[in-house]
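Trainee: Dropping a structure here in structure tokens format, bear with me for questions.
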Amino acid sequence: MSDAGLKEALYWEATGEGRVHCLLCPHGCRLAESEEGRCRVRRNVEGKLRSLNYSRVSSTSWDPVEKKPLFHFHPGSPILSLGTLGCNLSCAFCQNWEISQGGAGTRSLTPDDAVELAKREPKNLGIAYTYNEPFIWYEFVLETAMLAREAGLKNVLVTNGYVNEAPLRELLPYIDAMNIDVKSMSEGFYRELCRARAAPARRTAETARESGCHIEITNLVIPNWNDRQEDIQAVIDWVAGLGRDVPLHFSRYHPDYKLTEPPTPPETLLRAREMAREKLDYVYIGNLGGVGEDTVCPSCGKVAVERRGFTVSRVAVKDGRCESCGADIPIVGT
């Protein structure tokens with residue numbers, strides 16, 4: 001495909017002399033002819049900003065929704081998961097760097113094709129835009145999400161939250177659930193490890209929560225970077241400000257891409273969970289071999305959703321209430 005045939009991007013402006021200003025994310029890249037943004041998938045072509053990854057798919061899989069991770073959204077449901085190329089962050093610890101920073105191969109998949117594929121599996125919940133950063137796939141995600149909504153399918157974003165408010169608000173009416181990766185409260189962490197700023201991810205989560213979208217938060221705990229008690233407490237306090245019922249996932253780091261710190265000790269994650277339980281009702285641990293995955297009723301202490309890995313073995317929640325004591329447990333789709 002020639003550059004001239006690429007999809008014209010949304011959210012940009014011409015700035016004169018053939019230059020363009022991208023308005024999709026907080027980087028605000030200003031690009032001369034043939035230059036690409038920091039995401040590597042938006043390019044100035046003859047004075048217009050065009051998407052390089054529209055209808056290009058690198059990864060397609062049927063995943064349990066728990067893998068996103070979403071633990072309070074239609075437990076046990078499969079969801080068609082799609083990814084493309086590129087990312088607007090440059091995380092030194094990226095675990096999907098082959099597609100976010102590398103040059104993995106792609107194939108064509110139009111929005112219509114994606115929805116038709118999602119409809120083939122009768123029990124499929126919908127479409128998850130995941131694996132790399134979906135906001136830099138904006139044109140495809142918006143069109144596909146609108147078609148999926150018309151077809152009665154759910155739309156899920158697994159995102160770093162690094163997007164400007166206007167494109168976020170345009171997309172939100174079509175998004176049913178989001179897992180937002182809030183990496184740290186520290187500007188230094190984002191600047192040194194991600195080449196970005198900390199505030200946009202939090203604003204995205206806050207905006208999504210206010211809009212009524214179901215959200216869950218993931219915090220990857222990395223030794224020597226964001227694992228101090230004060231780092232963890234800062235994340236807990238912020239999530240508690242969103243609501244005591246917002247699920248928080250502490251995830252175990254392992255060395256990948258450019259970062260060589262040792263894996264997160266299990267005791268660090270267990271301590272983080274205990275700290276968080278003072279202010280949050282639903283705290284989970286990821287990547288620790290089945291530890292900290294069950295949903296426990298905050299009222300009676302009984303296991304309301306039993307999980308092993310990404311498999312749900314028992315759901316004792318009906319119409320959003322604990323079957324043991326009748327207390328509210330805000331799990332969508334039960």
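A note on labels: chains of the structure tokens are A, B, ... as shown, every chain counts residues from 1, and ligands are counted from 1 in their shown order.
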Could you list, as a ChimeraX atom specification, every residue within 7 Å of range 116-129 of chain A, counting only C-alpha atoms and ignoring same-chain residues fewer than 3 positions away?
Mentor: /A:77-83,112-113,134,153-158
Trainee: What would the file look like if the residues just selected were written as a tab-separated table (two decimals), in the first residue's frame with C-alpha atoms?
Mentor:
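As written to disk, result07.tsv reads:
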```tsv
chain	number	residue	atom	x	y	z
A	77	SER	CA	-16.52	-15.23	29.34
A	78	PRO	CA	-14.33	-15.60	26.25
A	79	ILE	CA	-13.52	-12.44	24.30
A	80	LEU	CA	-11.96	-11.91	20.89
A	81	SER	CA	-8.66	-10.11	21.56
A	82	LEU	CA	-6.97	-8.03	18.86
A	83	GLY	CA	-3.67	-6.19	18.77
A	112	ASP	CA	-16.41	-5.29	9.46
A	113	ASP	CA	-14.18	-8.37	9.41
A	134	PRO	CA	-5.21	0.55	21.55
A	153	LEU	CA	-21.11	-7.08	21.45
A	154	LYS	CA	-19.11	-5.60	24.33
A	155	ASN	CA	-15.97	-3.49	23.80
A	156	VAL	CA	-12.99	-3.67	26.15
A	157	LEU	CA	-9.81	-1.57	26.20
A	158	VAL	CA	-6.59	-2.69	27.85
```
Trainee: Hey, which bits of range 38-144 of chain A sit within 10 Å of range 238-257 of chain A, and for each residue what's the closest pair of atoms and how far apart in Å (one decimal), counting only C-alpha atoms, rows by chain and increasing number, as a tab-separated table?
Mentor:
```
residue	atom	partner	partner_atom	distance
A:Pro69	CA	A:His249	CA	8.0
A:Leu70	CA	A:Pro247	CA	8.6
A:Phe71	CA	A:Pro247	CA	7.8
A:His72	CA	A:Pro247	CA	7.6
A:Cys91	CA	A:Tyr257	CA	8.7
A:Ala92	CA	A:Tyr257	CA	6.2
A:Phe93	CA	A:Asp256	CA	5.4
A:Cys94	CA	A:Tyr257	CA	6.0
A:Gln95	CA	A:Asp256	CA	5.9
A:Asn96	CA	A:Tyr257	CA	8.5
A:Trp97	CA	A:Tyr257	CA	6.6
A:Glu98	CA	A:Tyr257	CA	8.9
A:Gln101	CA	A:Tyr257	CA	9.6
```
Trainee: Could the residues in this selection be saved with N, CA and C atoms as a tab-separated table (two decimals), in the first residue's frame?
Mentor:
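Here's the written file selection-v7.tsv:
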```
chain	number	residue	atom	x	y	z
A	69	PRO	N	-6.33	-7.89	32.78
A	69	PRO	CA	-7.29	-8.66	33.57
A	69	PRO	C	-8.54	-7.84	33.90
A	70	LEU	N	-9.70	-8.47	33.72
A	70	LEU	CA	-10.97	-7.93	34.19
A	70	LEU	C	-11.63	-9.03	35.02
A	71	PHE	N	-11.72	-8.81	36.33
A	71	PHE	CA	-12.28	-9.80	37.24
A	71	PHE	C	-13.72	-9.49	37.63
A	72	HIS	N	-14.18	-8.30	37.33
A	72	HIS	CA	-15.54	-7.90	37.72
A	72	HIS	C	-16.39	-7.59	36.50
A	91	CYS	N	8.24	1.88	27.38
A	91	CYS	CA	8.56	1.28	28.68
A	91	CYS	C	9.73	0.31	28.58
A	92	ALA	N	10.73	0.51	29.41
A	92	ALA	CA	11.92	-0.34	29.40
A	92	ALA	C	11.60	-1.77	29.81
A	93	PHE	N	10.45	-1.98	30.46
A	93	PHE	CA	10.08	-3.29	30.98
A	93	PHE	C	8.95	-3.94	30.17
A	94	CYS	N	8.68	-3.44	28.97
A	94	CYS	CA	7.52	-3.91	28.19
A	94	CYS	C	7.59	-5.42	27.95
A	95	GLN	N	6.49	-6.10	28.24
A	95	GLN	CA	6.43	-7.55	28.06
A	95	GLN	C	5.85	-7.95	26.71
A	96	ASN	N	5.40	-6.96	25.93
A	96	ASN	CA	4.94	-7.21	24.56
A	96	ASN	C	5.75	-6.36	23.58
A	97	TRP	N	7.05	-6.19	23.86
A	97	TRP	CA	7.85	-5.24	23.09
A	97	TRP	C	7.98	-5.62	21.62
A	98	GLU	N	7.81	-6.90	21.29
A	98	GLU	CA	7.94	-7.29	19.89
A	98	GLU	C	6.91	-6.59	19.00
A	101	GLN	N	7.24	-2.18	20.26
A	101	GLN	CA	8.46	-1.48	19.88
A	101	GLN	C	9.17	-2.13	18.69
```
Trainee: Of the candidates A:Pro64, A:Gly18, A:Gly103, A:Gly326, which one gets nearest to Val312 in chain A if we count only C-alpha atoms?
Mentor: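 Looking only at the distances to Val312 in chain A, the closest residue turns out to be A:Pro64.
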Trainee: Which residue gives the smallest distance to Gly286 in chain A among A:Pro265, A:Pro75, A:Pro298, A:Gly309, with only C-alpha atoms counted?
Mentor: A:Gly309
Trainee: Do a neighbour search on His214 in chain A at 10 Å with only C-alpha atoms, toss out local chain neighbours closer than 2 positions, and write the hits as a PDB file with N, CA and C atoms, in the first residue's frame.
Mentor:
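Saved as selection38.pdb:
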```pdb
ATOM      1  N   LEU A  70      -9.698  -8.470  33.719  1.00  0.00           N
ATOM      2  CA  LEU A  70     -10.973  -7.930  34.191  1.00  0.00           C
ATOM      3  C   LEU A  70     -11.630  -9.026  35.023  1.00  0.00           C
ATOM      4  N   HIS A  72     -14.178  -8.295  37.327  1.00  0.00           N
ATOM      5  CA  HIS A  72     -15.537  -7.899  37.716  1.00  0.00           C
ATOM      6  C   HIS A  72     -16.390  -7.588  36.498  1.00  0.00           C
ATOM      7  N   PHE A  73     -16.136  -8.278  35.396  1.00  0.00           N
ATOM      8  CA  PHE A  73     -16.846  -8.018  34.147  1.00  0.00           C
ATOM      9  C   PHE A  73     -17.103  -9.339  33.445  1.00  0.00           C
ATOM     10  N   VAL A 156     -13.898  -3.759  25.010  1.00  0.00           N
ATOM     11  CA  VAL A 156     -12.988  -3.672  26.145  1.00  0.00           C
ATOM     12  C   VAL A 156     -11.666  -3.061  25.684  1.00  0.00           C
ATOM     13  N   ILE A 175     -17.364   2.091  24.794  1.00  0.00           N
ATOM     14  CA  ILE A 175     -16.506   1.187  25.550  1.00  0.00           C
ATOM     15  C   ILE A 175     -17.219   0.752  26.830  1.00  0.00           C
ATOM     16  N   ASP A 176     -17.285  -0.554  27.033  1.00  0.00           N
ATOM     17  CA  ASP A 176     -18.003  -1.108  28.184  1.00  0.00           C
ATOM     18  C   ASP A 176     -17.108  -1.312  29.395  1.00  0.00           C
ATOM     19  N   ALA A 177     -15.841  -1.579  29.159  1.00  0.00           N
ATOM     20  CA  ALA A 177     -14.923  -1.833  30.283  1.00  0.00           C
ATOM     21  C   ALA A 177     -13.501  -1.500  29.861  1.00  0.00           C
ATOM     22  N   MET A 178     -12.707  -1.081  30.848  1.00  0.00           N
ATOM     23  CA  MET A 178     -11.303  -0.759  30.611  1.00  0.00           C
ATOM     24  C   MET A 178     -10.465  -1.297  31.757  1.00  0.00           C
ATOM     25  N   ASN A 179      -9.319  -1.884  31.409  1.00  0.00           N
ATOM     26  CA  ASN A 179      -8.278  -2.073  32.409  1.00  0.00           C
ATOM     27  C   ASN A 179      -7.187  -1.070  32.085  1.00  0.00           C
ATOM     28  N   ALA A 205      -8.401   7.287  33.740  1.00  0.00           N
ATOM     29  CA  ALA A 205      -9.166   6.431  34.654  1.00  0.00           C
ATOM     30  C   ALA A 205     -10.273   7.216  35.335  1.00  0.00           C
ATOM     31  N   ALA A 208     -13.055   7.962  32.752  1.00  0.00           N
ATOM     32  CA  ALA A 208     -13.821   6.756  32.443  1.00  0.00           C
ATOM     33  C   ALA A 208     -14.750   6.384  33.589  1.00  0.00           C
ATOM     34  N   ARG A 209     -14.260   6.475  34.801  1.00  0.00           N
ATOM     35  CA  ARG A 209     -15.085   6.170  35.978  1.00  0.00           C
ATOM     36  C   ARG A 209     -16.279   7.116  36.052  1.00  0.00           C
ATOM     37  N   GLU A 210     -16.032   8.404  35.852  1.00  0.00           N
ATOM     38  CA  GLU A 210     -17.113   9.401  35.894  1.00  0.00           C
ATOM     39  C   GLU A 210     -18.148   9.159  34.801  1.00  0.00           C
ATOM     40  N   SER A 211     -17.711   8.604  33.678  1.00  0.00           N
ATOM     41  CA  SER A 211     -18.630   8.380  32.549  1.00  0.00           C
ATOM     42  C   SER A 211     -19.521   7.163  32.751  1.00  0.00           C
ATOM     43  N   GLY A 212     -19.213   6.330  33.744  1.00  0.00           N
ATOM     44  CA  GLY A 212     -19.986   5.115  33.985  1.00  0.00           C
ATOM     45  C   GLY A 212     -19.386   3.872  33.363  1.00  0.00           C
ATOM     46  N   GLU A 216     -11.004  -1.216  35.867  1.00  0.00           N
ATOM     47  CA  GLU A 216     -10.142  -1.894  36.816  1.00  0.00           C
ATOM     48  C   GLU A 216      -8.726  -1.370  36.589  1.00  0.00           C
ATOM     49  N   VAL A 246     -13.510  -0.172  43.326  1.00  0.00           N
ATOM     50  CA  VAL A 246     -12.720  -0.311  42.092  1.00  0.00           C
ATOM     51  C   VAL A 246     -11.683  -1.413  42.284  1.00  0.00           C
ATOM     52  N   PRO A 247     -11.682  -2.446  41.437  1.00  0.00           N
ATOM     53  CA  PRO A 247     -10.693  -3.515  41.584  1.00  0.00           C
ATOM     54  C   PRO A 247      -9.286  -3.021  41.255  1.00  0.00           C
ATOM     55  N   PRO A 330     -20.207  -5.611  43.202  1.00  0.00           N
ATOM     56  CA  PRO A 330     -20.394  -5.015  41.883  1.00  0.00           C
ATOM     57  C   PRO A 330     -19.596  -5.725  40.788  1.00  0.00           C
ATOM     58  N   ILE A 331     -20.163  -6.837  40.324  1.00  0.00           N
ATOM     59  CA  ILE A 331     -19.578  -7.576  39.214  1.00  0.00           C
ATOM     60  C   ILE A 331     -20.576  -7.524  38.057  1.00  0.00           C
ATOM     61  N   VAL A 332     -20.172  -6.903  36.965  1.00  0.00           N
ATOM     62  CA  VAL A 332     -21.039  -6.754  35.815  1.00  0.00           C
ATOM     63  C   VAL A 332     -21.253  -8.110  35.151  1.00  0.00           C
TER      64      VAL A 332
END
```
Trainee: I want to know what sits within 10 Å of range 135-145 of chain A, based on only C-alpha atoms, with residues of the same chain fewer than 4 positions away left out; could you give that as a PDB file with C-alpha atoms, in the first residue's frame?
Mentor:
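The file below, selection-v1.pdb, is the result:
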```
ATOM      1  CA  LYS A   7      -6.184   6.015   6.336  1.00  0.00           C
ATOM      2  CA  GLU A   8      -6.281   9.699   7.255  1.00  0.00           C
ATOM      3  CA  ALA A   9      -5.928   9.979  11.007  1.00  0.00           C
ATOM      4  CA  LEU A  10      -8.282  11.701  13.403  1.00  0.00           C
ATOM      5  CA  TYR A  11      -7.194  14.406  15.842  1.00  0.00           C
ATOM      6  CA  LEU A  24      -4.325  12.260  19.877  1.00  0.00           C
ATOM      7  CA  CYS A  25      -2.070  11.874  22.914  1.00  0.00           C
ATOM      8  CA  CYS A  39       4.001   5.852  18.517  1.00  0.00           C
ATOM      9  CA  ARG A  40       5.606   4.869  15.159  1.00  0.00           C
ATOM     10  CA  VAL A  41       2.184   4.398  13.535  1.00  0.00           C
ATOM     11  CA  ARG A  42       1.116   7.950  12.601  1.00  0.00           C
ATOM     12  CA  SER A  51      -2.522   6.011  10.246  1.00  0.00           C
ATOM     13  CA  LEU A  52      -0.023   3.280   9.378  1.00  0.00           C
ATOM     14  CA  ASN A  53      -1.782   0.549  11.369  1.00  0.00           C
ATOM     15  CA  TYR A  54      -5.437   0.997  10.411  1.00  0.00           C
ATOM     16  CA  SER A  55      -6.864  -2.496   9.712  1.00  0.00           C
ATOM     17  CA  ARG A  56      -3.470  -4.073  10.447  1.00  0.00           C
ATOM     18  CA  LEU A  82      -6.974  -8.027  18.859  1.00  0.00           C
ATOM     19  CA  GLY A  83      -3.673  -6.189  18.770  1.00  0.00           C
ATOM     20  CA  THR A  84      -1.743  -4.181  16.205  1.00  0.00           C
ATOM     21  CA  LEU A  85       1.674  -2.473  16.234  1.00  0.00           C
ATOM     22  CA  GLY A  86       3.186   0.457  18.088  1.00  0.00           C
ATOM     23  CA  CYS A  87       2.818   2.265  21.395  1.00  0.00           C
ATOM     24  CA  ASN A  88       3.012   5.860  22.551  1.00  0.00           C
ATOM     25  CA  LEU A 109      -8.542  -7.102   9.210  1.00  0.00           C
ATOM     26  CA  THR A 110     -11.185  -4.468   8.573  1.00  0.00           C
ATOM     27  CA  PRO A 111     -13.667  -3.307  11.234  1.00  0.00           C
ATOM     28  CA  ASP A 112     -16.411  -5.289   9.461  1.00  0.00           C
ATOM     29  CA  ASP A 113     -14.177  -8.371   9.411  1.00  0.00           C
ATOM     30  CA  ALA A 114     -13.421  -7.996  13.119  1.00  0.00           C
ATOM     31  CA  VAL A 115     -17.084  -7.872  14.071  1.00  0.00           C
ATOM     32  CA  GLY A 126     -17.217  -9.057  22.375  1.00  0.00           C
ATOM     33  CA  ILE A 127     -13.877  -7.541  21.333  1.00  0.00           C
ATOM     34  CA  ALA A 128     -10.886  -6.572  23.481  1.00  0.00           C
ATOM     35  CA  TYR A 129      -8.388  -4.133  21.992  1.00  0.00           C
ATOM     36  CA  THR A 130      -5.206  -5.221  23.732  1.00  0.00           C
ATOM     37  CA  ARG A 149     -22.069  -2.078  19.751  1.00  0.00           C
ATOM     38  CA  GLU A 150     -24.647  -2.255  16.942  1.00  0.00           C
ATOM     39  CA  ALA A 151     -24.120  -6.041  16.827  1.00  0.00           C
ATOM     40  CA  LEU A 153     -21.109  -7.078  21.448  1.00  0.00           C
ATOM     41  CA  LYS A 154     -19.107  -5.601  24.326  1.00  0.00           C
ATOM     42  CA  ASN A 155     -15.973  -3.489  23.797  1.00  0.00           C
ATOM     43  CA  VAL A 156     -12.988  -3.672  26.145  1.00  0.00           C
ATOM     44  CA  LEU A 157      -9.812  -1.566  26.199  1.00  0.00           C
ATOM     45  CA  VAL A 158      -6.592  -2.688  27.854  1.00  0.00           C
ATOM     46  CA  THR A 159      -4.660   0.543  27.897  1.00  0.00           C
ATOM     47  CA  ASN A 160      -1.874   2.674  29.324  1.00  0.00           C
ATOM     48  CA  GLY A 161      -4.376   5.545  29.400  1.00  0.00           C
ATOM     49  CA  TYR A 162      -2.045   7.937  27.552  1.00  0.00           C
ATOM     50  CA  VAL A 163      -4.605   9.812  25.472  1.00  0.00           C
ATOM     51  CA  ASN A 164      -5.977  13.344  25.275  1.00  0.00           C
ATOM     52  CA  PRO A 167     -10.522  11.561  21.712  1.00  0.00           C
ATOM     53  CA  LEU A 168     -11.115   9.720  24.989  1.00  0.00           C
ATOM     54  CA  GLU A 170     -15.494  10.503  21.785  1.00  0.00           C
ATOM     55  CA  LEU A 171     -14.635   6.825  22.212  1.00  0.00           C
ATOM     56  CA  LEU A 172     -15.977   6.252  25.738  1.00  0.00           C
ATOM     57  CA  PRO A 173     -19.688   5.916  24.797  1.00  0.00           C
ATOM     58  CA  TYR A 174     -18.810   2.722  22.911  1.00  0.00           C
ATOM     59  CA  ILE A 175     -16.506   1.187  25.550  1.00  0.00           C
ATOM     60  CA  ASP A 176     -18.003  -1.108  28.184  1.00  0.00           C
TER      61      ASP A 176
END
```
